[in-house]
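File shown: data_0.txt. Contents: compact mmCIF, C-alpha atoms.
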```
# COMPACT_ATOMS: atom_id res chain seq x y z
CA MET F 1 -1.92 25.45 16.26
CA SER F 2 -1.03 23.89 12.97
CA THR F 3 -2.55 20.71 11.57
CA LEU F 4 0.74 18.92 12.14
CA MET F 5 0.56 19.64 15.86
CA TYR F 6 -2.96 18.24 16.05
CA TRP F 7 -1.78 15.08 14.34
CA GLY F 8 1.16 14.84 16.75
CA LEU F 9 -1.19 15.30 19.71
CA PHE F 10 -3.56 12.66 18.31
CA LEU F 11 -0.82 10.12 17.68
CA GLY F 12 0.72 10.76 21.11
CA LEU F 13 -2.60 10.25 22.89
CA LEU F 14 -3.21 7.11 20.79
CA ALA F 15 0.20 5.71 21.76
CA ILE F 16 -0.48 6.46 25.46
CA ALA F 17 -3.95 4.82 25.26
CA VAL F 18 -2.50 1.70 23.59
CA GLY F 19 0.28 1.54 26.20
CA VAL F 20 -2.21 1.82 29.09
CA LEU F 21 -4.42 -0.89 27.57
CA LEU F 22 -1.44 -3.21 27.01
CA LEU F 23 -0.36 -2.75 30.66
CA ARG F 24 -3.91 -3.17 31.94
CA TYR F 25 -4.38 -6.45 30.06
CA PRO F 26 -1.17 -8.52 30.29
CA ALA F 27 -0.22 -11.07 27.64
CA GLY F 28 -2.33 -14.21 27.72
CA SER F 29 -5.28 -12.64 29.52
CA ARG F 30 -8.78 -12.63 28.09
CA GLY F 31 -8.73 -8.84 27.77
CA ARG F 32 -5.58 -9.01 25.64
CA ARG F 33 -7.28 -11.47 23.31
CA ASN F 34 -10.26 -9.14 22.93
CA LEU F 35 -7.86 -6.24 22.48
CA ARG F 36 -6.07 -8.05 19.67
CA TRP F 37 -9.34 -8.84 17.88
CA GLY F 38 -10.47 -5.26 18.41
CA GLY F 39 -7.19 -3.99 16.96
CA TRP F 40 -7.53 -6.18 13.86
CA GLY F 41 -11.15 -5.14 13.49
CA LEU F 42 -10.15 -1.47 13.66
CA ILE F 43 -7.44 -1.98 11.03
CA ALA F 44 -9.90 -3.83 8.75
CA LEU F 45 -12.42 -1.01 9.20
CA ILE F 46 -9.86 1.69 8.34
CA VAL F 47 -8.59 -0.21 5.28
CA GLY F 48 -12.18 -0.88 4.16
CA LEU F 49 -13.18 2.78 4.49
CA PHE F 50 -9.99 3.83 2.70
CA LEU F 51 -10.75 1.50 -0.24
CA HIS F 52 -14.39 2.61 -0.30
CA TYR F 53 -13.28 6.22 -0.55
CA THR F 54 -10.59 5.63 -3.18
CA LEU F 55 -12.01 3.01 -5.55
CA PRO F 56 -14.18 4.20 -8.45
CA ARG F 57 -17.97 3.95 -8.32
CA HIS F 58 -20.61 4.66 -10.95
CA ALA F 59 -23.76 6.75 -10.89
CA VAL F 60 -26.30 6.56 -13.72
CA VAL F 61 -27.78 10.06 -13.77
CA ARG F 62 -28.89 13.08 -15.77
CA VAL F 63 -26.64 16.13 -15.59
CA VAL F 64 -28.76 19.13 -14.59
CA ASN F 65 -26.29 21.91 -13.92
CA THR F 66 -22.62 22.81 -14.07
CA TYR F 67 -20.98 25.77 -12.37
CA ASN F 68 -17.92 27.10 -10.60
CA ARG F 69 -17.95 28.30 -7.04
CA VAL F 70 -15.22 30.01 -5.07
CA THR F 71 -14.75 27.64 -2.16
CA THR F 72 -12.87 28.15 1.08
CA LEU F 73 -11.41 25.01 2.57
CA GLY F 74 -10.89 24.55 6.30
CA TRP F 75 -8.82 22.12 8.34
CA GLU F 76 -11.81 19.77 8.63
CA ASN F 77 -12.39 19.10 4.94
CA ARG F 78 -9.13 20.04 3.19
CA ILE F 79 -8.06 16.38 3.16
CA PHE F 80 -11.08 15.56 0.94
CA TYR F 81 -10.02 17.96 -1.83
CA ALA F 82 -7.11 17.95 -4.24
CA SER F 83 -3.81 19.02 -2.69
CA PRO F 84 -3.06 22.73 -3.32
CA ASP F 85 -0.30 22.31 -5.88
CA THR F 86 -2.42 20.19 -8.22
CA GLY F 87 -5.54 22.34 -8.53
CA THR F 88 -6.17 25.70 -10.08
CA ALA F 89 -4.96 27.78 -7.14
CA GLU F 90 -1.55 27.73 -5.51
CA GLN F 91 -0.90 27.48 -1.77
CA THR F 92 -4.16 28.99 -0.61
CA ASP F 93 -7.31 27.88 1.14
CA THR F 94 -9.72 29.61 -1.24
CA ARG F 95 -10.03 28.43 -4.78
CA ASP F 96 -12.46 28.21 -7.66
CA ILE F 97 -13.83 24.68 -7.90
CA ARG F 98 -15.95 23.21 -10.69
CA PHE F 99 -19.15 21.46 -9.62
CA ILE F 100 -21.63 19.22 -11.46
CA ASP F 101 -25.21 18.77 -10.26
CA VAL F 102 -26.89 15.51 -11.28
CA ALA F 103 -30.24 13.79 -10.75
CA TYR F 104 -30.83 10.06 -10.28
CA PRO F 105 -33.79 8.32 -11.99
CA ASP F 106 -35.80 8.62 -8.74
CA ASN F 107 -35.18 12.39 -8.72
CA THR F 108 -32.78 12.34 -5.77
CA VAL F 109 -29.80 14.51 -6.52
CA MET F 110 -26.05 14.52 -6.06
CA VAL F 111 -23.34 17.16 -6.31
CA PHE F 112 -19.94 16.20 -7.71
CA ARG F 113 -16.85 18.33 -7.67
CA ASN F 114 -14.64 18.22 -10.72
CA GLU F 115 -11.00 18.65 -9.77
CA ASP F 116 -7.73 17.40 -11.21
CA THR F 117 -6.33 14.68 -9.00
CA GLY F 118 -2.70 15.40 -9.72
CA TRP F 119 0.00 12.77 -9.96
CA VAL F 120 0.21 11.00 -6.66
CA TRP F 121 -2.96 10.17 -4.71
CA PRO F 122 -5.60 9.03 -5.49
CA PRO F 123 -3.94 7.55 -8.58
CA TYR F 124 -6.46 8.58 -11.22
CA PHE F 125 -3.96 10.95 -12.93
CA LYS F 126 -6.83 13.17 -14.01
CA TYR F 127 -5.81 16.44 -15.68
CA ASP F 128 -8.75 17.12 -17.98
CA SER F 129 -11.28 18.60 -15.56
CA ALA F 130 -11.94 21.48 -17.98
CA THR F 131 -12.88 19.02 -20.74
CA LEU F 132 -14.99 17.01 -18.32
CA GLN F 133 -16.84 20.17 -17.33
CA ALA F 134 -17.52 20.97 -20.99
CA ARG F 135 -18.89 17.47 -21.56
CA ALA F 136 -21.10 17.77 -18.48
CA ALA F 137 -22.35 21.18 -19.64
CA ASN F 138 -23.14 19.70 -23.06
CA PHE F 139 -25.21 16.93 -21.44
CA ALA F 140 -26.94 19.46 -19.17
CA GLN F 141 -28.06 21.43 -22.25
CA GLN F 142 -29.99 18.47 -23.68
CA THR F 143 -33.22 19.12 -21.80
CA ALA F 144 -35.69 18.06 -24.52
CA THR F 145 -34.57 14.43 -24.53
CA PRO F 146 -32.45 13.97 -21.38
CA GLN F 147 -29.22 12.09 -22.03
CA TRP F 148 -28.56 9.47 -19.34
CA VAL F 149 -24.90 9.25 -18.44
CA SER F 150 -22.70 7.14 -16.19
CA VAL F 151 -20.51 9.26 -13.93
CA THR F 152 -17.44 7.48 -12.62
CA TYR F 153 -16.45 9.03 -9.31
CA TYR F 154 -14.66 8.45 -6.05
CA GLY F 155 -15.08 10.03 -2.65
CA TRP F 156 -17.87 10.78 -0.25
CA ARG F 157 -20.58 13.39 0.00
CA ILE F 158 -20.47 14.49 3.65
CA PRO F 159 -22.80 17.50 3.89
CA ILE F 160 -21.72 18.61 7.38
CA LEU F 161 -18.08 18.80 6.25
CA SER F 162 -18.98 20.19 2.79
CA THR F 163 -17.18 17.40 0.95
CA TYR F 164 -18.12 16.21 -2.53
CA PRO F 165 -17.10 13.13 -4.50
CA ASN F 166 -14.81 13.86 -7.44
CA ALA F 167 -16.21 13.06 -10.89
CA VAL F 168 -13.55 11.31 -12.96
CA ARG F 169 -15.30 10.36 -16.18
CA ILE F 170 -18.67 10.81 -17.91
CA ARG F 171 -19.98 8.37 -20.50
CA GLU F 172 -23.29 8.20 -22.34
CA VAL F 173 -25.47 5.20 -21.52
CA ALA F 174 -28.64 3.89 -23.12
CA GLY F 175 -31.06 4.60 -20.31
CA PRO F 176 -31.64 4.97 -16.57
CA ASP F 177 -31.74 1.20 -15.95
CA VAL F 178 -28.21 0.45 -17.10
CA THR F 179 -25.97 -1.28 -14.56
CA ILE F 180 -22.24 -0.79 -14.81
CA PHE F 181 -20.04 -3.82 -14.15
CA PRO F 182 -17.27 -2.80 -11.71
CA TRP F 183 -14.28 -4.07 -13.73
CA ALA F 184 -11.82 -1.63 -12.19
CA ASN F 185 -12.73 -2.59 -8.62
CA ILE F 186 -12.47 -6.31 -9.37
CA ILE F 187 -9.07 -5.89 -11.02
CA VAL F 188 -7.69 -3.64 -8.28
CA LEU F 189 -8.92 -5.80 -5.41
CA THR F 190 -7.64 -8.99 -7.08
CA LEU F 191 -4.22 -7.41 -7.62
CA LEU F 192 -4.22 -6.17 -4.02
CA ALA F 193 -4.97 -9.68 -2.71
CA LEU F 194 -2.23 -11.16 -4.93
CA VAL F 195 0.28 -8.55 -3.73
CA ILE F 196 -0.57 -9.26 -0.09
CA LEU F 197 -0.18 -13.03 -0.60
CA PHE F 198 3.11 -12.49 -2.49
CA VAL F 199 4.50 -10.21 0.24
CA ARG F 200 3.52 -12.80 2.85
CA ARG F 201 5.29 -15.57 0.92
CA MET F 202 8.38 -13.39 0.52
CA TRP F 203 8.38 -12.64 4.24
CA LEU F 204 8.03 -16.35 5.13
CA GLN F 205 10.87 -17.22 2.72
CA PHE F 206 13.04 -14.47 4.22
CA ARG F 207 12.37 -15.69 7.75
CA GLN F 208 13.01 -19.32 6.88
CA ARG F 209 16.23 -18.66 4.96
CA MET F 210 17.71 -15.67 6.77
CA VAL F 211 16.28 -15.14 10.26
CA ASP F 212 15.83 -18.69 11.53
CA PRO F 213 19.39 -19.94 10.80
CA VAL F 214 20.87 -16.85 12.48
CA ALA F 215 18.54 -17.28 15.45
CA VAL F 216 19.64 -20.89 15.81
CA GLU F 217 23.29 -19.80 15.66
CA ILE F 218 22.73 -17.11 18.29
CA THR F 219 20.92 -19.55 20.57
CA ASP F 220 23.73 -22.09 20.16
CA ALA F 221 26.36 -19.42 20.88
CA LEU F 222 24.50 -18.21 23.98
CA ASP F 223 24.12 -21.77 25.22
CA GLY F 224 27.85 -22.27 24.71
CA ILE F 225 28.74 -19.09 26.64
CA GLU F 226 26.39 -20.04 29.46
CA SER F 227 27.72 -23.55 29.90
CA ARG F 228 31.32 -22.32 29.78
CA THR F 229 30.50 -19.60 32.34
CA ASP F 230 28.89 -22.16 34.61
CA GLU F 231 31.96 -24.39 34.43
CA ARG F 232 34.32 -21.52 35.16
CA MET F 233 32.21 -20.22 38.02
CA LYS F 234 32.29 -23.69 39.57
CA SER F 235 36.05 -24.04 39.17
CA ALA F 236 36.91 -20.54 40.46
CA ARG F 237 38.32 -20.56 44.00
CA THR F 238 37.60 -17.00 45.21
CA ASP F 239 34.54 -14.74 45.05
CA TRP F 240 36.50 -12.38 42.80
CA GLY F 241 37.27 -15.25 40.44
CA ARG F 242 33.60 -16.23 40.35
CA PHE F 243 32.68 -12.60 39.63
CA LYS F 244 35.21 -12.46 36.80
CA ALA F 245 33.91 -15.72 35.39
CA TRP F 246 30.35 -14.34 35.56
CA LEU F 247 31.51 -11.36 33.57
CA GLY F 248 33.03 -13.76 31.06
CA LEU F 249 36.60 -12.67 31.82
CA GLY F 250 38.10 -16.06 32.61
CA GLN F 251 41.61 -16.83 31.28
CA LYS F 252 40.89 -20.31 29.97
CA SER F 253 38.21 -21.00 27.53
CA MET A 1 4.36 19.13 -14.91
CA ILE A 2 6.72 19.24 -11.94
CA GLY A 3 4.26 16.93 -10.21
CA PHE A 4 4.68 14.40 -13.03
CA LEU A 5 8.46 14.51 -12.71
CA ARG A 6 8.16 14.02 -8.96
CA LEU A 7 5.92 11.01 -9.50
CA PHE A 8 8.40 9.61 -12.01
CA VAL A 9 11.35 9.93 -9.62
CA VAL A 10 9.47 8.57 -6.60
CA ALA A 11 8.10 5.66 -8.63
CA LEU A 12 11.56 4.88 -10.02
CA VAL A 13 13.10 4.76 -6.53
CA PHE A 14 10.23 2.73 -5.08
CA LEU A 15 10.09 0.25 -7.96
CA SER A 16 13.88 -0.19 -7.87
CA LEU A 17 13.52 -1.17 -4.22
CA VAL A 18 10.71 -3.61 -5.12
CA TYR A 19 12.88 -4.97 -7.96
CA LEU A 20 15.80 -5.68 -5.62
CA ILE A 21 13.55 -7.36 -3.04
CA VAL A 22 11.77 -9.52 -5.62
CA ARG A 23 15.13 -10.46 -7.17
CA ALA A 24 16.46 -11.54 -3.78
CA TYR A 25 13.29 -13.58 -3.23
CA ALA A 26 13.51 -15.29 -6.62
CA ARG A 27 17.17 -16.16 -6.07
CA SER A 28 16.39 -17.51 -2.62
CA VAL A 29 13.64 -19.75 -3.98
CA HIS A 30 15.91 -21.05 -6.74
CA ARG A 31 18.74 -21.74 -4.29
CA GLU A 32 16.38 -23.65 -2.04
CA GLU A 33 15.26 -25.71 -5.03
CA LEU A 34 18.88 -26.54 -5.91
CA GLU A 35 19.59 -27.52 -2.31
CA ARG A 36 16.58 -29.84 -2.26
CA GLU A 37 17.54 -31.37 -5.58
CA TRP A 38 21.03 -32.12 -4.29
CA ASP A 39 19.85 -33.46 -0.94
CA GLU A 40 17.37 -35.79 -2.63
CA SER A 41 19.60 -37.29 -5.31
CA ARG A 42 23.27 -36.95 -4.35
CA SER A 43 23.39 -36.96 -0.57
CA GLY A 44 26.39 -39.30 -0.50
CA LEU A 45 28.88 -36.67 -1.70
CA SER A 46 30.72 -34.05 0.36
CA GLN A 47 29.70 -30.56 1.48
CA ALA A 48 32.23 -28.98 -0.90
CA ASP A 49 30.63 -30.74 -3.87
CA ARG A 50 27.26 -29.50 -2.72
CA ASP A 51 28.52 -25.89 -2.64
CA ILE A 52 30.01 -26.25 -6.13
CA PHE A 53 26.75 -27.71 -7.45
CA ILE A 54 24.65 -24.91 -5.95
CA ASN A 55 26.99 -22.11 -7.05
CA ALA A 56 27.06 -23.48 -10.60
CA GLY A 57 23.27 -23.74 -10.58
CA MET A 58 22.93 -20.15 -9.40
CA ARG A 59 25.34 -18.97 -12.11
CA VAL A 60 23.29 -20.69 -14.81
CA TYR A 61 20.13 -19.19 -13.32
CA SER A 62 21.49 -15.65 -13.22
CA GLN A 63 22.26 -15.82 -16.97
CA GLY A 64 19.04 -17.60 -17.86
CA PRO A 65 15.83 -16.28 -19.39
CA GLY A 66 13.83 -16.37 -16.14
CA ARG A 67 15.55 -13.24 -14.87
CA ARG A 68 14.14 -11.11 -17.69
CA LEU A 69 10.71 -11.59 -16.12
CA LEU A 70 11.85 -9.40 -13.23
CA TRP A 71 11.62 -6.34 -15.48
CA LEU A 72 7.86 -6.75 -15.22
CA VAL A 73 8.25 -5.00 -11.86
CA PHE A 74 8.88 -1.82 -13.89
CA ILE A 75 6.84 -2.60 -16.98
CA LEU A 76 3.51 -3.53 -15.38
CA PRO A 77 3.13 -0.33 -13.31
CA ALA A 78 4.14 1.77 -16.32
CA VAL A 79 1.52 0.03 -18.48
CA ALA A 80 -1.09 0.44 -15.74
CA PHE A 81 -0.21 4.14 -15.50
CA ALA A 82 -0.59 4.62 -19.25
CA VAL A 83 -3.92 2.75 -19.34
CA ILE A 84 -5.34 4.76 -16.42
CA VAL A 85 -4.23 8.08 -17.93
CA TRP A 86 -5.83 7.10 -21.24
CA LEU A 87 -9.09 5.84 -19.71
CA VAL A 88 -9.53 8.84 -17.44
CA ASN A 89 -8.50 11.65 -19.76
CA ALA A 90 -9.58 10.52 -23.23
CA GLN A 91 -12.98 11.80 -24.25
```

Now, as a test, write the supplied structure out as structure tokens.
Amino acid sequence: MSTLMYWGLFLGLLAIAVGVLLLRYPAGSRGRRNLRWGGWGLIALIVGLFLHYTLPRHAVVRVVNTYNRVTTLGWENRIFYASPDTGTAEQTDTRDIRFIDVAYPDNTVMVFRNEDTGWVWPPYFKYDSATLQARAANFAQQTATPQWVSVTYYGWRIPILSTYPNAVRIREVAGPDVTIFPWANIIVLTLLALVILFVRRMWLQFRQRMVDPVAVEITDALDGIESRTDERMKSARTDWGRFKAWLGLGQKS
Amino acid sequence: MIGFLRLFVVALVFLSLVYLIVRAYARSVHREELEREWDESRSGLSQADRDIFINAGMRVYSQGPGRRLLWLVFILPAVAFAVIVWLVNAQ
């Protein structure tokens, strides 16, 4: 089965589960209230994880090794790598990927991959992975006096899925105790909040100016039809006449 | 490079949509302001006068300098794109 079919199956089962839960807990019940909070919590969790994966983070480390490794990607971790048409290989599951080994000040280690991100998502627009690898190799060579660097990266290291965060940028820093102020995250999150507030205001304006007046008109029109129908049904003499009036087929208005 | 062209086209279509929506929103806000101004100061006059007042106000607005600001919908993402490309790919 293809990945698309799995996604279809997943979404179908999700829709069925949501439907069953909505039927089980009718509107206004306590279960529905819990369900709504649970739904919002789930959405907040997914958005939070998504932002945590995508936004840049910094690691102050020494570079200890750089290498390429032919890597085969499976259905379980392909989503964590660059899409096929942006990397070095075309339309295949096996490709040569650059890796960078680093060590933190406390001698714990981390493995970054070094892939172009391409032009769509995540929007880092990175196309210089070869240069980045050369810079990393240069830092790795300086073993006599280790050069501490700040690696900007995004993504997660999930060992069981063989996923690695993608190194985006390497800068020299003065020492292992440097802290990097997360300017990019602050700017992006602020803009995101502003966009959400702006969209909400636009939606409220749209509803107030466009939807509500039409809704009032429709309600008025329906009320008018109903009252006229009632009058006609009362004044009709036969059952057939009442039926016609109910259908709205009376001659007089 | 084809990926860059694709991004350009998709971004152009998407931002055009955003531009139209934001323009409609800005016009709606301005119209509401004109309506409130009329209702507060000149409520004695007729509905036809009110329509003339609002249409004239909207015409002035659509030729005014405020509308140029809408181009920021295209300019800001383009600037952000350039800054990110420079920050990420410059040595």

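Considering the residues F:Gly38, F:Phe125, F:Ala27, F:Thr94 and counting all atoms listed in the file, A:Trp86 has its shortest atom-to-atom contact with F:Phe125.
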
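Counting from atom CA of F:Gln133, the distance to atom CA of A:Leu7 is 25.8 Å.
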
For chain A, which residues have at least one atom within 6 Å of chain F, if we go by only C-alpha atoms? Write them as number ranges by chain, please.
A: 3-4, 85, 89

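For the pair atom CA of A:Leu69 and atom CA of A:Arg36, the interatomic distance is 23.7 Å.
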
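In this model, the gap between atom CA of A:Ile52 and atom CA of F:Ile218 comes to 27.1 Å.
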
Within 12 Å of (18.8, -22.9, -2.2) (file coordinates; only C-alpha atoms), which protein or nucleic acid residues are there? I'd like them as a PyMOL selection string.
(chain F and resi 205+208-210) or (chain A and resi 24-39+50-51+53-58+61)

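Among the candidate residues F:Leu23, F:Ile46, F:Ala140, F:Val60, the one lying nearest to F:Thr179 is F:Val60, with distances computed using all atoms listed in the file.
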
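For the residues F:Leu49, F:Tyr81, F:Leu35, F:Ile100, ranking by smallest atom-to-atom distance to F:Tyr67 using only C-alpha atoms places F:Ile100 first.
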
What box, with edges along x, y and z, holds each listed atom of stretch 140-157 of chain F when 3 Å is added on every side, and can you state its centre and edge lengths in Å to one decimal, as JSON?
```
{"center_x": -25.2, "center_y": 14.3, "center_z": -12.3, "size_x": 27.0, "size_y": 20.3, "size_z": 30.5}
```
